[in-house]
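With PDB, C-alpha atoms, pLDDT in the B column inside, this is query-v2.pdb:
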```pdb
ATOM      1  CA  MET A   8       0.000   0.000   0.000  1.00 48.00           C
ATOM      2  CA  ALA A   9       1.386   3.399  -0.945  1.00 47.00           C
ATOM      3  CA  ALA A  10       1.375   6.334   1.433  1.00 48.00           C
ATOM      4  CA  ALA A  11      -1.008   8.207  -0.853  1.00 44.00           C
ATOM      5  CA  ALA A  12      -3.593   5.595   0.139  1.00 53.00           C
ATOM      6  CA  VAL A  13      -2.990   6.335   3.819  1.00 60.00           C
ATOM      7  CA  GLY A  14      -4.884   9.272   5.184  1.00 56.00           C
ATOM      8  CA  ARG A  15      -6.992  10.126   8.157  1.00 53.00           C
ATOM      9  CA  ASP A  16     -10.106   9.313   6.107  1.00 58.00           C
ATOM     10  CA  THR A  17      -8.883   5.714   5.553  1.00 81.00           C
ATOM     11  CA  LEU A  18      -8.135   5.114   9.241  1.00 89.00           C
ATOM     12  CA  PRO A  19     -10.654   4.034  11.869  1.00 91.00           C
ATOM     13  CA  GLU A  20     -11.699   6.515  14.537  1.00 92.00           C
ATOM     14  CA  HIS A  21      -8.990   7.221  17.152  1.00 94.00           C
ATOM     15  CA  TRP A  22      -6.126   6.232  14.787  1.00 93.00           C
ATOM     16  CA  SER A  23      -3.349   8.364  13.310  1.00 90.00           C
ATOM     17  CA  TYR A  24      -0.046   7.576  11.610  1.00 86.00           C
ATOM     18  CA  GLY A  25       3.585   8.649  11.411  1.00 85.00           C
ATOM     19  CA  VAL A  26       6.488   7.982   9.061  1.00 80.00           C
ATOM     20  CA  CYS A  27       9.947   6.818  10.175  1.00 78.00           C
ATOM     21  CA  ARG A  28      13.150   8.125   8.596  1.00 71.00           C
ATOM     22  CA  ASP A  29      13.411   4.922   6.550  1.00 71.00           C
ATOM     23  CA  GLY A  30       9.976   5.506   4.995  1.00 72.00           C
ATOM     24  CA  ARG A  31       8.061   2.921   7.017  1.00 79.00           C
ATOM     25  CA  VAL A  32       4.637   4.035   8.163  1.00 83.00           C
ATOM     26  CA  PHE A  33       3.477   3.235  11.689  1.00 87.00           C
ATOM     27  CA  PHE A  34      -0.033   3.535  13.046  1.00 90.00           C
ATOM     28  CA  ILE A  35      -1.072   4.922  16.409  1.00 93.00           C
ATOM     29  CA  ASN A  36      -4.175   3.935  18.316  1.00 95.00           C
ATOM     30  CA  ASP A  37      -4.599   7.212  20.191  1.00 95.00           C
ATOM     31  CA  GLU A  38      -7.262   5.784  22.482  1.00 96.00           C
ATOM     32  CA  LEU A  39      -5.222   2.761  23.660  1.00 96.00           C
ATOM     33  CA  ARG A  40      -1.839   4.527  23.231  1.00 95.00           C
ATOM     34  CA  ARG A  41      -0.421   1.634  21.174  1.00 95.00           C
ATOM     35  CA  THR A  42       1.445   1.513  17.880  1.00 94.00           C
ATOM     36  CA  THR A  43       1.671  -1.040  15.098  1.00 92.00           C
ATOM     37  CA  TRP A  44       3.393  -1.420  11.717  1.00 88.00           C
ATOM     38  CA  LEU A  45       0.183  -2.856  10.237  1.00 90.00           C
ATOM     39  CA  HIS A  46      -2.630  -0.727   8.805  1.00 90.00           C
ATOM     40  CA  PRO A  47      -5.588  -1.120  11.196  1.00 92.00           C
ATOM     41  CA  ARG A  48      -8.078  -1.747   8.363  1.00 89.00           C
ATOM     42  CA  THR A  49      -6.032  -3.917   5.993  1.00 87.00           C
ATOM     43  CA  GLY A  50      -3.594  -5.630   8.378  1.00 89.00           C
ATOM     44  CA  GLU A  51      -0.820  -4.914   5.836  1.00 85.00           C
ATOM     45  CA  PRO A  52       2.445  -2.982   6.322  1.00 82.00           C
ATOM     46  CA  VAL A  53       2.735   0.335   4.470  1.00 79.00           C
ATOM     47  CA  ASN A  54       5.780   2.132   3.052  1.00 70.00           C
ATOM     48  CA  SER A  55       5.711   5.825   2.185  1.00 69.00           C
ATOM     49  CA  GLY A  56       8.006   5.349  -0.801  1.00 64.00           C
ATOM     50  CA  HIS A  57      10.403   7.986   0.612  1.00 64.00           C
ATOM     51  CA  MET A  58      13.607   7.437   2.532  1.00 59.00           C
ATOM     52  CA  ILE A  59      15.838   9.975   4.271  1.00 60.00           C
ATOM     53  CA  ARG A  60      19.466   8.984   3.698  1.00 66.00           C
ATOM     54  CA  SER A  61      22.427  10.208   5.706  1.00 71.00           C
ATOM     55  CA  ASP A  62      24.576  10.529   2.555  1.00 78.00           C
ATOM     56  CA  LEU A  63      22.273  13.143   0.982  1.00 76.00           C
ATOM     57  CA  PRO A  64      22.466  16.893   1.604  1.00 83.00           C
ATOM     58  CA  ARG A  65      20.259  18.219   4.404  1.00 82.00           C
ATOM     59  CA  GLY A  66      16.644  18.518   3.282  1.00 82.00           C
ATOM     60  CA  TRP A  67      16.950  15.880   0.554  1.00 83.00           C
ATOM     61  CA  GLU A  68      15.368  12.444   0.554  1.00 78.00           C
ATOM     62  CA  GLU A  69      15.118   9.550  -1.834  1.00 77.00           C
ATOM     63  CA  GLY A  70      11.780   8.462  -3.268  1.00 76.00           C
ATOM     64  CA  PHE A  71      10.783   5.441  -5.302  1.00 72.00           C
ATOM     65  CA  THR A  72       8.290   5.082  -8.122  1.00 69.00           C
ATOM     66  CA  GLU A  73       5.766   2.226  -8.189  1.00 64.00           C
ATOM     67  CA  GLU A  74       8.188   0.469 -10.555  1.00 62.00           C
ATOM     68  CA  GLY A  75      11.044   0.770  -8.052  1.00 61.00           C
ATOM     69  CA  ALA A  76      13.079   3.497  -9.785  1.00 71.00           C
ATOM     70  CA  SER A  77      14.633   5.964  -7.333  1.00 74.00           C
ATOM     71  CA  TYR A  78      14.413   9.748  -7.535  1.00 79.00           C
ATOM     72  CA  PHE A  79      15.421  12.578  -5.210  1.00 82.00           C
ATOM     73  CA  ILE A  80      13.276  15.191  -3.480  1.00 83.00           C
ATOM     74  CA  GLU A  81      14.363  18.493  -1.964  1.00 84.00           C
TER      75      GLU A  81
END
```
What would you get if you wrote out this structure as structure tokens?
Amino acid sequence: MAAAAVGRDTLPEHWSYGVCRDGRVFFINDELRRTTWLHPRTGEPVNSGHMIRSDLPRGWEEGFTEEGASYFIE
């Protein structure tokens, strides 16, 4: 599942999400104060398609197309 498919409207009530530096998306059950790597509706892990790399200049990150090609974002 792409990050574009993840939004507050796709999450159950009392859920939010965050994105780690490596592009993995985690989900937060704000009511129970618990986190999970799996989307609460689909049960599948989600990746944002973006990754912050330490070898890039500050403010830059690497993204990936659906086909797996990398590109850079400032």
Using the chain letters and residue numbers of this document, give as a tab-separated table (two decimals) with C-alpha atoms, in the frame of the given file the residues selected by the PyMOL selection byres ((chain A and resi 35-52) around 7).
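The result, stored in expr-v3.tsv:
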```
chain	number	residue	atom	x	y	z
A	18	LEU	CA	-8.14	5.11	9.24
A	21	HIS	CA	-8.99	7.22	17.15
A	22	TRP	CA	-6.13	6.23	14.79
A	23	SER	CA	-3.35	8.36	13.31
A	24	TYR	CA	-0.05	7.58	11.61
A	32	VAL	CA	4.64	4.04	8.16
A	33	PHE	CA	3.48	3.24	11.69
A	34	PHE	CA	-0.03	3.54	13.05
A	53	VAL	CA	2.74	0.34	4.47
A	54	ASN	CA	5.78	2.13	3.05
```
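The gap separating CA of Gly70 in chain A from CA of Gly30 in chain A is 9.0 Å, in Å to one decimal.
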TODO: Calculate how many Å separate CA of Ile80 in chain A from CA of Gly66 in chain A, rounding to one decimal.
DONE: 8.3 Å
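CA of Gly25 in chain A is found 22.8 Å from CA of Pro64 in chain A.
Across A:Leu63, A:Glu81, A:Glu69, A:Ala76, the tightest approach to Asp29 in chain A is made by A:Glu69 when counting only C-alpha atoms.
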